[in-house]
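Raw data.txt, compact mmCIF, C-alpha atoms:
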```
# COMPACT_ATOMS: atom_id res chain seq x y z
CA MET A 1 -36.49 -64.06 -39.22
CA LYS A 2 -36.50 -60.39 -38.44
CA GLY A 3 -34.62 -59.23 -35.41
CA SER A 4 -36.31 -57.17 -32.79
CA ALA A 5 -36.37 -53.41 -33.41
CA PRO A 6 -33.77 -51.61 -31.37
CA SER A 7 -35.10 -49.47 -28.56
CA LEU A 8 -34.02 -45.88 -28.95
CA ASP A 9 -34.22 -43.28 -26.19
CA VAL A 10 -33.51 -39.65 -26.88
CA ARG A 11 -32.37 -37.56 -23.90
CA LEU A 12 -32.61 -33.80 -24.18
CA THR A 13 -30.74 -31.55 -21.76
CA ARG A 14 -32.27 -28.12 -21.28
CA SER A 15 -31.24 -25.03 -19.37
CA GLN A 16 -33.50 -23.15 -17.00
CA SER A 17 -34.48 -20.84 -19.86
CA GLY A 18 -35.61 -23.84 -21.92
CA ASN A 19 -32.79 -23.88 -24.47
CA ILE A 20 -31.56 -27.30 -25.63
CA LEU A 21 -27.98 -27.75 -24.49
CA ASP A 22 -27.39 -31.42 -25.31
CA ILE A 23 -28.97 -34.30 -27.30
CA ASP A 24 -27.96 -37.81 -26.25
CA PHE A 25 -29.10 -41.11 -27.83
CA VAL A 26 -29.36 -44.01 -25.39
CA GLY A 27 -30.18 -47.65 -26.21
CA GLY A 28 -30.34 -49.44 -29.54
CA MET A 29 -28.40 -47.01 -31.64
CA ALA A 30 -25.53 -47.14 -29.18
CA ASP A 31 -25.74 -50.98 -29.12
CA MET A 32 -25.41 -51.08 -32.91
CA GLY A 33 -21.92 -49.68 -32.79
CA GLY A 34 -22.79 -46.05 -32.78
CA ALA A 35 -24.77 -45.22 -35.87
CA PRO A 36 -24.11 -41.94 -37.61
CA GLY A 37 -25.80 -39.05 -35.90
CA ALA A 38 -25.36 -40.41 -32.40
CA ALA A 39 -23.98 -37.85 -29.96
CA THR A 40 -20.48 -38.66 -28.80
CA GLY A 41 -20.53 -36.48 -25.70
CA PRO A 42 -22.04 -33.43 -24.09
CA GLU A 43 -21.61 -30.02 -25.59
CA GLN A 44 -19.83 -27.13 -23.89
CA SER A 45 -22.04 -24.67 -22.10
CA CYS A 46 -21.29 -21.54 -20.12
CA GLU A 47 -24.80 -21.00 -18.85
CA PRO A 48 -25.04 -21.74 -15.11
CA GLY A 49 -27.99 -23.41 -13.50
CA SER A 50 -28.43 -26.11 -16.14
CA THR A 51 -29.80 -29.43 -14.94
CA SER A 52 -27.40 -31.56 -16.97
CA THR A 53 -23.83 -32.71 -16.79
CA ALA A 54 -22.88 -30.33 -19.61
CA VAL A 55 -19.24 -29.32 -19.57
CA VAL A 56 -18.58 -25.79 -18.28
CA VAL A 57 -16.19 -23.62 -20.25
CA SER A 58 -12.87 -23.70 -18.39
CA GLY A 59 -10.32 -20.95 -17.90
CA ARG A 60 -12.80 -18.22 -17.06
CA LYS A 61 -11.93 -15.45 -14.65
CA LEU A 62 -13.42 -12.25 -13.27
CA LYS A 63 -11.78 -8.89 -13.80
CA ILE A 64 -12.60 -5.47 -12.34
CA LEU A 65 -13.35 -3.13 -15.23
CA GLU A 66 -14.42 -0.07 -13.25
CA HIS A 67 -14.45 0.91 -9.58
CA ARG A 68 -15.90 4.35 -8.89
CA VAL A 69 -15.58 5.77 -5.39
CA HIS A 70 -16.61 9.09 -3.88
CA LYS A 71 -13.19 10.46 -2.99
CA VAL A 72 -9.48 9.71 -3.24
CA GLU A 73 -7.21 10.90 -0.43
CA MET A 74 -3.45 10.76 0.08
CA ARG A 75 -2.21 8.78 3.07
CA THR A 76 0.62 10.91 4.47
CA LYS A 77 2.61 8.17 6.18
CA GLU A 78 2.48 5.64 3.35
CA SER A 79 2.44 8.27 0.53
CA GLU A 80 -0.26 6.31 -1.30
CA GLU A 81 -3.82 6.93 -2.45
CA GLU A 82 -6.74 5.90 -0.25
CA LEU A 83 -10.19 5.20 -1.68
CA VAL A 84 -13.06 6.68 0.33
CA VAL A 85 -16.80 6.01 0.12
CA SER A 86 -19.71 7.44 2.07
CA ASN A 87 -22.13 5.10 3.82
CA LEU A 88 -24.93 7.44 2.67
CA ARG A 89 -24.27 7.15 -1.07
CA PRO A 90 -23.96 4.19 -3.46
CA PHE A 91 -20.87 3.58 -5.55
CA THR A 92 -20.41 1.65 -8.81
CA LEU A 93 -18.44 -1.53 -9.46
CA LYS A 94 -18.23 -3.13 -12.92
CA VAL A 95 -16.87 -6.65 -13.32
CA GLY A 96 -16.13 -8.51 -16.55
CA VAL A 97 -16.05 -12.24 -17.38
CA HIS A 98 -12.91 -13.07 -19.39
CA ASP A 99 -11.30 -16.21 -20.73
CA ALA A 100 -7.78 -17.46 -20.08
CA ASN A 101 -6.47 -15.10 -22.79
CA ASP A 102 -8.10 -12.09 -21.07
CA VAL A 103 -10.72 -11.82 -23.83
CA PRO A 104 -14.29 -10.94 -22.74
CA ILE A 105 -16.76 -13.81 -22.97
CA LEU A 106 -19.84 -12.26 -24.55
CA ASP A 107 -22.01 -15.30 -25.28
CA CYS A 108 -22.90 -16.49 -21.79
CA SER A 109 -24.63 -15.32 -18.62
CA LEU A 110 -23.26 -15.76 -15.12
CA PRO A 111 -25.15 -14.83 -11.92
CA LEU A 112 -22.73 -13.02 -9.59
CA ARG A 113 -22.93 -11.87 -5.98
CA ALA A 114 -21.09 -9.09 -4.16
CA THR A 115 -20.12 -9.52 -0.50
CA LEU A 116 -18.28 -7.35 2.03
CA LEU A 117 -14.83 -8.24 3.35
CA TYR A 118 -12.23 -6.58 5.52
CA GLU A 119 -9.00 -5.43 3.94
CA ASN A 120 -7.27 -8.62 5.15
CA GLY A 121 -9.89 -10.80 3.40
CA ALA A 122 -11.84 -11.80 6.52
CA PRO A 123 -15.64 -11.64 6.25
CA VAL A 124 -17.39 -8.75 7.98
CA LYS A 125 -19.83 -10.00 10.63
CA GLN A 126 -23.23 -8.47 11.16
CA THR A 127 -23.32 -6.76 14.56
CA SER A 128 -26.93 -5.57 14.50
CA LEU A 129 -30.24 -6.57 13.01
CA SER A 130 -31.14 -3.11 11.72
CA GLU A 131 -29.58 -3.01 8.25
CA PRO A 132 -27.40 -5.35 6.14
CA LEU A 133 -23.71 -4.50 5.86
CA LEU A 134 -23.91 -4.21 2.07
CA VAL A 135 -27.06 -2.97 0.35
CA GLY A 136 -28.05 -2.19 -3.22
CA GLU A 137 -27.72 -4.44 -6.26
CA THR A 138 -25.71 -7.20 -4.64
CA ASP A 139 -26.96 -9.98 -7.00
CA VAL A 140 -26.39 -9.22 -10.67
CA VAL A 141 -26.26 -11.45 -13.75
CA ALA A 142 -23.27 -10.86 -16.02
CA LEU A 143 -24.69 -10.47 -19.53
CA GLN A 144 -22.50 -10.06 -22.61
CA GLY A 145 -19.41 -10.43 -20.49
CA ALA A 146 -20.00 -7.77 -17.81
CA ALA A 147 -22.01 -7.00 -14.68
CA THR A 148 -22.48 -3.62 -12.98
CA PHE A 149 -23.13 -3.41 -9.24
CA LYS A 150 -24.48 -0.33 -7.45
CA LEU A 151 -23.59 -0.85 -3.80
CA ARG A 152 -23.57 0.98 -0.49
CA ILE A 153 -21.56 0.01 2.58
CA THR A 154 -23.62 0.76 5.67
CA SER A 155 -20.88 0.09 8.21
CA LEU A 156 -18.23 2.67 9.09
CA SER A 157 -14.51 2.09 9.35
CA SER A 158 -14.51 4.04 12.61
CA HIS A 159 -16.90 1.44 14.08
CA ARG A 160 -14.66 -1.43 12.91
CA ASP A 161 -11.33 -0.51 14.54
CA LYS A 162 -10.56 1.79 11.59
CA GLN A 163 -10.38 -1.17 9.23
CA ARG A 164 -10.95 -0.69 5.54
CA PHE A 165 -13.29 -2.79 3.40
CA ARG A 166 -13.16 -4.69 0.12
CA ILE A 167 -15.92 -5.97 -2.17
CA GLN A 168 -15.67 -9.59 -3.27
CA VAL A 169 -17.50 -10.68 -6.42
CA ALA A 170 -18.04 -14.40 -7.11
CA PRO A 171 -20.67 -16.68 -8.68
CA GLN A 172 -23.88 -17.16 -6.74
CA ASP A 173 -23.53 -20.91 -7.25
CA VAL A 174 -20.68 -22.10 -5.01
CA HIS A 175 -20.12 -25.12 -7.28
CA PHE A 176 -18.82 -22.80 -10.01
CA LEU A 177 -16.32 -21.26 -7.62
CA ARG A 178 -15.09 -24.68 -6.54
CA SER A 179 -14.52 -25.84 -10.10
CA GLU A 180 -13.27 -22.45 -11.34
CA PRO A 181 -11.41 -20.60 -8.55
CA SER A 182 -10.54 -17.76 -10.92
CA LEU A 183 -14.20 -16.72 -10.94
CA ASN A 184 -13.46 -14.56 -7.92
CA VAL A 185 -12.20 -10.99 -7.64
CA VAL A 186 -11.82 -8.41 -4.86
CA THR A 187 -11.50 -4.64 -5.03
CA ASP A 188 -8.85 -2.37 -3.58
CA PRO A 189 -9.48 -1.43 0.06
CA MET A 190 -11.88 1.43 0.81
CA LYS A 191 -12.47 3.54 3.88
CA SER A 192 -16.12 4.02 4.78
CA VAL A 193 -17.10 7.37 6.31
CA THR A 194 -20.27 9.41 6.78
CA LYS A 195 -19.10 12.85 5.73
CA LEU A 196 -16.61 13.08 2.92
CA GLY A 197 -15.42 16.57 3.85
CA ARG A 198 -13.08 18.62 1.75
CA THR A 199 -10.04 17.36 -0.03
CA MET A 200 -6.95 18.05 2.01
CA PRO A 201 -4.30 20.08 0.13
CA ALA A 202 -0.97 18.47 -0.51
CA PRO A 203 1.62 19.25 2.18
CA PRO A 204 4.10 21.99 1.20
CA PRO A 205 7.61 20.91 0.27
CA PRO A 206 10.20 21.09 3.06
CA PRO A 207 12.16 24.34 3.22
CA PRO A 208 15.68 24.23 1.76
CA ALA A 209 18.72 24.23 4.01
CA ALA A 210 20.33 27.53 5.11
CA ALA A 211 23.42 27.00 2.96
CA GLU A 212 21.25 26.42 -0.08
CA VAL A 213 19.26 29.57 0.66
CA ASN A 214 22.45 31.66 0.94
CA GLN A 215 23.85 30.28 -2.28
CA VAL A 216 20.58 30.95 -4.09
CA ALA A 217 20.57 34.54 -2.81
CA VAL A 218 24.15 35.10 -3.90
CA ASP A 219 23.44 33.71 -7.36
CA ALA A 220 20.38 35.95 -7.70
CA ILE A 221 22.40 39.05 -6.74
CA ARG A 222 25.11 38.12 -9.19
CA ARG A 223 22.62 37.76 -12.02
CA LYS A 224 20.95 41.07 -11.15
CA PHE A 225 24.14 43.19 -10.83
CA HIS A 226 26.33 41.35 -13.32
CA ASP A 227 26.76 44.29 -15.71
CA THR A 228 27.37 46.80 -12.89
CA LEU A 229 29.99 44.59 -11.35
CA GLU A 230 31.75 44.24 -14.70
CA VAL A 231 31.93 48.06 -15.11
CA HIS A 232 33.25 48.47 -11.57
CA ALA A 233 35.90 45.85 -12.17
CA GLN A 234 37.10 47.69 -15.28
CA GLN A 235 37.22 51.01 -13.42
CA ILE A 236 39.22 49.49 -10.58
CA SER A 237 41.68 48.02 -13.08
CA GLN A 238 42.17 51.44 -14.70
CA ILE A 239 42.70 53.12 -11.33
CA MET A 240 45.33 50.56 -10.40
CA GLU A 241 47.18 51.18 -13.71
CA THR A 242 47.06 54.98 -13.13
CA GLN A 243 48.45 54.54 -9.63
CA HIS A 244 51.27 52.44 -11.01
CA LEU A 245 52.19 55.16 -13.53
CA LEU A 246 52.11 57.85 -10.84
CA LEU A 247 54.46 55.83 -8.69
CA GLN A 248 56.89 55.49 -11.58
CA GLU A 249 56.79 59.26 -12.21
CA LEU A 250 57.37 60.02 -8.51
CA GLU A 251 60.37 57.71 -8.47
CA ALA A 252 61.79 59.52 -11.54
CA VAL A 253 61.25 62.97 -9.97
CA SER A 254 62.85 61.82 -6.71
CA SER A 255 65.87 60.45 -8.56
CA LEU A 256 66.27 63.73 -10.50
CA ALA A 257 66.09 65.80 -7.31
CA GLU A 258 68.80 63.71 -5.70
CA ARG A 259 71.12 64.25 -8.69
CA VAL A 260 70.55 68.03 -8.58
CA VAL A 261 71.36 68.20 -4.91
CA ARG A 262 74.51 66.20 -5.39
CA ALA A 263 75.65 68.46 -8.27
CA LYS A 264 75.18 71.65 -6.18
CA THR A 265 77.10 70.15 -3.28
CA ALA A 266 80.00 69.24 -5.53
CA ALA A 267 80.10 72.72 -7.07
CA ALA A 268 80.24 74.42 -3.69
```

Full structure transcribed into structure tokens:
Amino acid sequence: MKGSAPSLDVRLTRSQSGNILDIDFVGGMADMGGAPGAATGPEQSCEPGSTSTAVVVSGRKLKILEHRVHKVEMRTKESEEELVVSNLRPFTLKVGVHDANDVPILDCSLPLRATLLYENGAPVKQTSLSEPLLVGETDVVALQGAATFKLRITSLSSHRDKQRFRIQVAPQDVHFLRSEPSLNVVTDPMKSVTKLGRTMPAPPPPPPAAAEVNQVAVDAIRRKFHDTLEVHAQQISQIMETQHLLLQELEAVSSLAERVVRAKTAAA
């Protein structure tokens, strides 16, 4: 007597674009001890938005590849560079998707979103209904391992207690961020202004101390008149030798005169 034919269900898992991500056999084939060809588990997938339980590639992280601002100033007190952007012009931010070994992941797409934060990481609250705080290409899909945002901050630092801003980039789907916290990156702080103005020149170096100035002047004079001073020194040495010889001759003449006087006195 023939046994009943096993019931075989084939489950296909597709992404939003229609690509097949997983093939799973359910029913008779599994009951028969797992015939050859039966899927043993879901495949790995790095495409977000799929409707299956496909495993997401782990160890991914976001990395800032390029951050172009409008101006770089020097903060005098801290002696550090300060990034400056104008609220009238967009700036560019490029973010890459890398694996745990810092290698770009080129074979997957990841929808990302840029949001505005304060320098301390707190979210910036909307104070008016006129214009969003961050405009431009705030939602971008990372293709072939990178996403480029063109953004403009509409708020001014002067209107926010002189606080600086950062841009945070993270997946649009919050579930990805919960399962992969490294899919999150923030930029260096930026000051938002209206007019960029001219670049301030670097402050001049402090003047040297008076003792250093005097010593420098003396050394310069020595270098300039070195040869002249050498000639004068030789002339002075010769004069001193001549004077010494003259003194010796005067002493000899004086001694001779004394002997002559003594001889005349004795003769008289």

Checklist entry - Nearest to A:Ile167: which of A:Leu229, A:Leu151, A:Leu183, A:Ala114 is it, counting all atoms listed in the file? => result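 Between A:Leu229, A:Leu151, A:Leu183, A:Ala114, the residue approaching A:Ile167 most closely is A:Ala114.
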
Checklist entry - Which distance in Å separates atom CA of A:Ile221 and atom CA of A:Ser237, to one decimal? => result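 These atoms are spaced 22.2 Å apart.
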
Next on the checklist: Which residues are near A:Ser86? Cut-off 10 Å, all atoms listed in the file, ignore same chain within fewer than 4 positions. Put them as number ranges by chain.
Outcome noted: A: 69-71, 90-91, 152-156, 190-196

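Relative to atom CA of A:Val97, atom CA of A:Ala170 is found at 10.7 Å.
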
Checklist entry - Between A:Arg75, A:Lys94, A:His226, A:Lys162, which has the minimum distance to A:Leu143 (counting all atoms listed in the file)? => result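 That would be A:Lys94, the residue with the smallest distance to A:Leu143.
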
Next on the checklist: Would you compute the distance between atom CA of A:Lys63 and atom CA of A:Gln163? Give it in Å to one decimal.
Outcome noted: 24.3 Å

Could the centre and edge lengths of an axis-aligned box, enclosing all atoms of stretch 147-151 of chain A in the file with 3 Å extra on each side, be given in Å to one decimal as AutoDock Vina command-line options?
```
--center_x -23.2 --center_y -3.7 --center_z -9.2 --size_x 8.5 --size_y 12.7 --size_z 16.9
```

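When only C-alpha atoms are used to measure the gap to A:Val186, the shortest distance among A:Ala142, A:Met74, A:Val169, A:Val261 belongs to A:Val169.
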
Next on the checklist: Applying 9 Å and all atoms listed in the file, which residues near A:Glu66 remain after dropping the ones on its own chain fewer than 6 positions away? List them as a count of residues only.
Outcome noted: 5

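For the choices A:Glu249, A:Asp139, A:Glu241, A:Glu81, the atom-to-atom distance to A:Asp173 is smallest for A:Asp139 when using all atoms listed in the file.
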